[in-house]
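Colleague: Below is the file upload.cif, which contains mmCIF, N, CA and C atoms.
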data_data
loop_
_atom_site.label_atom_id
_atom_site.label_comp_id
_atom_site.auth_asym_id
_atom_site.auth_seq_id
_atom_site.Cartn_x
_atom_site.Cartn_y
_atom_site.Cartn_z
N MET A 1 10.71 7.38 11.01
CA MET A 1 10.97 6.11 10.35
C MET A 1 11.22 5.05 11.41
N ALA A 2 10.70 3.84 11.19
CA ALA A 2 10.87 2.75 12.14
C ALA A 2 12.32 2.28 12.19
N GLU A 3 12.71 1.78 13.35
CA GLU A 3 14.06 1.25 13.50
C GLU A 3 14.24 0.03 12.61
N LYS A 4 15.39 -0.07 11.95
CA LYS A 4 15.70 -1.21 11.09
C LYS A 4 16.78 -2.04 11.77
N ILE A 5 16.49 -3.32 11.98
CA ILE A 5 17.44 -4.24 12.59
C ILE A 5 17.82 -5.28 11.54
N VAL A 6 19.12 -5.40 11.26
CA VAL A 6 19.62 -6.35 10.28
C VAL A 6 20.34 -7.47 11.02
N VAL A 7 20.04 -8.71 10.66
CA VAL A 7 20.62 -9.87 11.35
C VAL A 7 21.56 -10.62 10.40
N PHE A 8 22.80 -10.80 10.83
CA PHE A 8 23.79 -11.55 10.07
C PHE A 8 24.16 -12.83 10.80
N SER A 9 24.55 -13.86 10.05
CA SER A 9 24.97 -15.12 10.67
C SER A 9 26.49 -15.21 10.76
N GLY A 10 27.19 -14.37 10.01
CA GLY A 10 28.64 -14.45 9.98
C GLY A 10 29.17 -15.25 8.80
N ALA A 11 28.27 -15.71 7.93
CA ALA A 11 28.70 -16.46 6.75
C ALA A 11 29.58 -15.59 5.87
N LYS A 12 30.60 -16.19 5.28
CA LYS A 12 31.55 -15.41 4.47
C LYS A 12 30.88 -14.75 3.27
N TRP A 13 29.76 -15.29 2.80
CA TRP A 13 29.09 -14.76 1.61
C TRP A 13 28.27 -13.51 1.88
N GLU A 14 27.90 -13.26 3.12
CA GLU A 14 27.04 -12.11 3.41
C GLU A 14 27.65 -10.78 2.95
N PRO A 15 28.88 -10.44 3.32
CA PRO A 15 29.43 -9.17 2.83
C PRO A 15 29.83 -9.20 1.36
N ILE A 16 30.17 -10.37 0.85
CA ILE A 16 30.59 -10.48 -0.56
C ILE A 16 29.40 -10.27 -1.49
N VAL A 17 28.28 -10.91 -1.17
CA VAL A 17 27.10 -10.85 -2.03
C VAL A 17 26.13 -9.75 -1.59
N ALA A 18 26.33 -9.21 -0.40
CA ALA A 18 25.50 -8.14 0.17
C ALA A 18 24.09 -8.63 0.51
N TYR A 19 24.02 -9.59 1.44
CA TYR A 19 22.72 -10.03 1.94
C TYR A 19 22.83 -10.32 3.42
N CYS A 20 21.69 -10.48 4.06
CA CYS A 20 21.66 -10.81 5.49
C CYS A 20 20.64 -11.90 5.71
N ARG A 21 20.55 -12.39 6.93
CA ARG A 21 19.62 -13.48 7.26
C ARG A 21 18.21 -12.98 7.55
N ALA A 22 18.11 -11.76 8.07
CA ALA A 22 16.78 -11.22 8.40
C ALA A 22 16.86 -9.71 8.48
N VAL A 23 15.73 -9.08 8.19
CA VAL A 23 15.59 -7.63 8.37
C VAL A 23 14.27 -7.41 9.10
N ARG A 24 14.36 -6.62 10.14
CA ARG A 24 13.15 -6.31 10.91
C ARG A 24 12.97 -4.80 10.92
N VAL A 25 11.80 -4.36 10.50
CA VAL A 25 11.50 -2.94 10.48
C VAL A 25 10.14 -2.74 11.13
N GLY A 26 10.12 -2.01 12.22
CA GLY A 26 8.86 -1.68 12.88
C GLY A 26 8.11 -2.87 13.42
N GLN A 27 6.88 -2.61 13.81
CA GLN A 27 6.01 -3.66 14.35
C GLN A 27 4.63 -3.52 13.72
N HIS A 28 4.51 -3.93 12.46
CA HIS A 28 3.24 -3.79 11.71
C HIS A 28 2.49 -5.10 11.67
N VAL A 29 2.43 -5.82 12.81
CA VAL A 29 1.81 -7.15 12.89
C VAL A 29 0.33 -7.10 12.54
N ALA A 30 -0.41 -6.17 13.12
CA ALA A 30 -1.85 -6.11 12.88
C ALA A 30 -2.17 -5.82 11.42
N VAL A 31 -1.44 -4.89 10.83
CA VAL A 31 -1.68 -4.53 9.43
C VAL A 31 -1.37 -5.72 8.52
N PHE A 32 -0.23 -6.37 8.77
CA PHE A 32 0.14 -7.53 7.96
C PHE A 32 -0.88 -8.65 8.13
N GLY A 33 -1.27 -8.92 9.36
CA GLY A 33 -2.22 -10.00 9.62
C GLY A 33 -3.54 -9.78 8.91
N ARG A 34 -4.04 -8.57 8.92
CA ARG A 34 -5.30 -8.25 8.23
C ARG A 34 -5.16 -8.45 6.73
N ALA A 35 -4.07 -7.96 6.16
CA ALA A 35 -3.86 -8.09 4.71
C ALA A 35 -3.71 -9.56 4.32
N HIS A 36 -2.96 -10.31 5.10
CA HIS A 36 -2.76 -11.73 4.80
C HIS A 36 -4.08 -12.49 4.89
N GLN A 37 -4.88 -12.19 5.90
CA GLN A 37 -6.18 -12.86 6.07
C GLN A 37 -7.10 -12.55 4.89
N GLU A 38 -7.11 -11.32 4.45
CA GLU A 38 -7.96 -10.95 3.32
C GLU A 38 -7.54 -11.68 2.04
N ALA A 39 -6.25 -11.82 1.84
CA ALA A 39 -5.75 -12.45 0.62
C ALA A 39 -5.86 -13.96 0.64
N PHE A 40 -5.72 -14.58 1.82
CA PHE A 40 -5.65 -16.04 1.90
C PHE A 40 -6.73 -16.67 2.77
N ALA A 41 -7.83 -15.99 2.98
CA ALA A 41 -8.87 -16.49 3.89
C ALA A 41 -9.41 -17.87 3.48
N ASP A 42 -9.48 -18.13 2.20
CA ASP A 42 -10.10 -19.38 1.74
C ASP A 42 -9.11 -20.41 1.22
N VAL A 43 -7.82 -20.14 1.36
CA VAL A 43 -6.81 -21.08 0.84
C VAL A 43 -5.67 -21.24 1.83
N THR A 44 -4.94 -22.29 1.68
CA THR A 44 -3.70 -22.46 2.43
C THR A 44 -2.57 -22.02 1.51
N PRO A 45 -1.77 -21.04 1.91
CA PRO A 45 -0.71 -20.56 1.02
C PRO A 45 0.22 -21.68 0.57
N ALA A 46 0.66 -21.58 -0.65
CA ALA A 46 1.56 -22.58 -1.23
C ALA A 46 3.01 -22.24 -0.92
N THR A 47 3.85 -23.20 -1.15
CA THR A 47 5.28 -23.00 -1.03
C THR A 47 5.90 -23.28 -2.38
N SER A 48 7.15 -23.00 -2.53
CA SER A 48 7.83 -23.33 -3.78
C SER A 48 9.00 -24.25 -3.48
N MET A 49 9.27 -25.14 -4.41
CA MET A 49 10.40 -26.06 -4.29
C MET A 49 11.20 -25.97 -5.58
N VAL A 50 12.50 -25.90 -5.43
CA VAL A 50 13.38 -25.79 -6.58
C VAL A 50 14.48 -26.82 -6.45
N GLU A 51 14.72 -27.57 -7.51
CA GLU A 51 15.81 -28.53 -7.51
C GLU A 51 17.04 -27.87 -8.12
N VAL A 52 18.16 -27.98 -7.44
CA VAL A 52 19.41 -27.41 -7.93
C VAL A 52 20.49 -28.48 -7.86
N SER A 53 21.54 -28.30 -8.62
CA SER A 53 22.60 -29.29 -8.62
C SER A 53 23.45 -29.22 -7.36
N ARG A 54 23.57 -28.02 -6.76
CA ARG A 54 24.30 -27.87 -5.51
C ARG A 54 24.00 -26.50 -4.93
N LEU A 55 24.27 -26.35 -3.65
CA LEU A 55 24.15 -25.07 -2.98
C LEU A 55 25.49 -24.37 -2.97
N ILE A 56 25.52 -23.14 -2.49
CA ILE A 56 26.72 -22.31 -2.58
C ILE A 56 27.91 -22.84 -1.77
N GLY A 57 27.65 -23.54 -0.66
CA GLY A 57 28.73 -24.07 0.16
C GLY A 57 28.77 -25.59 0.10
N ASP A 58 29.96 -26.17 0.08
CA ASP A 58 30.10 -27.63 -0.03
C ASP A 58 29.41 -28.39 1.10
N GLY A 59 29.38 -27.82 2.30
CA GLY A 59 28.78 -28.50 3.43
C GLY A 59 27.28 -28.31 3.55
N MET A 60 26.69 -27.54 2.67
CA MET A 60 25.25 -27.27 2.75
C MET A 60 24.46 -28.37 2.05
N LEU A 61 23.47 -28.90 2.77
CA LEU A 61 22.64 -29.96 2.21
C LEU A 61 21.24 -29.47 1.86
N ILE A 62 20.76 -28.45 2.56
CA ILE A 62 19.40 -27.95 2.35
C ILE A 62 19.37 -26.46 2.67
N GLU A 63 18.50 -25.75 1.98
CA GLU A 63 18.28 -24.33 2.27
C GLU A 63 16.79 -24.13 2.49
N ILE A 64 16.45 -23.44 3.55
CA ILE A 64 15.06 -23.17 3.88
C ILE A 64 14.88 -21.67 4.00
N GLU A 65 13.85 -21.15 3.36
CA GLU A 65 13.53 -19.74 3.44
C GLU A 65 12.12 -19.59 3.98
N ALA A 66 11.94 -18.67 4.92
CA ALA A 66 10.61 -18.49 5.50
C ALA A 66 10.41 -17.03 5.88
N ASP A 67 9.18 -16.61 5.83
CA ASP A 67 8.78 -15.30 6.35
C ASP A 67 8.12 -15.55 7.69
N ALA A 68 8.39 -14.71 8.66
CA ALA A 68 7.83 -14.91 9.99
C ALA A 68 7.46 -13.59 10.63
N ILE A 69 6.54 -13.66 11.56
CA ILE A 69 6.16 -12.50 12.36
C ILE A 69 6.46 -12.85 13.79
N ILE A 70 7.11 -11.94 14.49
CA ILE A 70 7.44 -12.14 15.89
C ILE A 70 6.41 -11.40 16.73
N ASP A 71 5.67 -12.12 17.55
CA ASP A 71 4.67 -11.51 18.43
C ASP A 71 5.32 -11.23 19.77
N GLU A 72 5.51 -9.97 20.09
CA GLU A 72 6.18 -9.60 21.33
C GLU A 72 5.21 -9.17 22.41
N SER A 73 3.94 -9.50 22.25
CA SER A 73 2.97 -9.08 23.27
C SER A 73 3.00 -10.00 24.47
#
Starting from the file, give its structure as structure tokens.

Modeller:
Amino acid sequence: MAEKIVVFSGAKWEPIVAYCRAVRVGQHVAVFGRAHQEAFADVTPATSMVEVSRLIGDGMLIEIEADAIIDES
């Protein structure tokens, strides 16, 4: 099984709600890239936007979520 690396920011909500900022498992870049290309070859992937009355913390103004691949070559 591939090594699992979990990344926390130290936010008070992470242990309370049971979430983390990132999870990295293995290095399946080529497989992911091929699958993504096959699915989205002719389109630009869309994003989603949601309007909410407030975020979980009083000091938070915006929340951004993204999927990323780290190329370590």

Colleague: Go through the shown structure with the PyMOL selection byres ((chain A and resi 26) around 6) and write out the matching residues as a PyMOL selection string.

Modeller: chain A and resi 2-4+24-25+27-28

Colleague: Atom C of Tyr19 of chain A and atom N of Val7 of chain A, how far apart in Å?

Modeller: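 These two atoms are separated by 7.9 Å.
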
Colleague: Just how far from atom C of Ile5 of chain A is atom CA of Val52 of chain A, in Å to one decimal?

Modeller: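 The value is 29.5 Å.
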
Colleague: Using Å and a single decimal, report how far atom CA of Ile16 of chain A sits from atom N of Asp58 of chain A.

Modeller: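 Between atom N of Asp58 of chain A and atom CA of Ile16 of chain A the gap is 15.7 Å.
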
Colleague: Convert the output of the PyMOL selection byres (((chain A and resi 20 and name CA) around 8) and name CA) on the shown file into explicit residues, formatted as a PyMOL selection string.

Modeller: chain A and resi 6-9+14+18-19+21-23
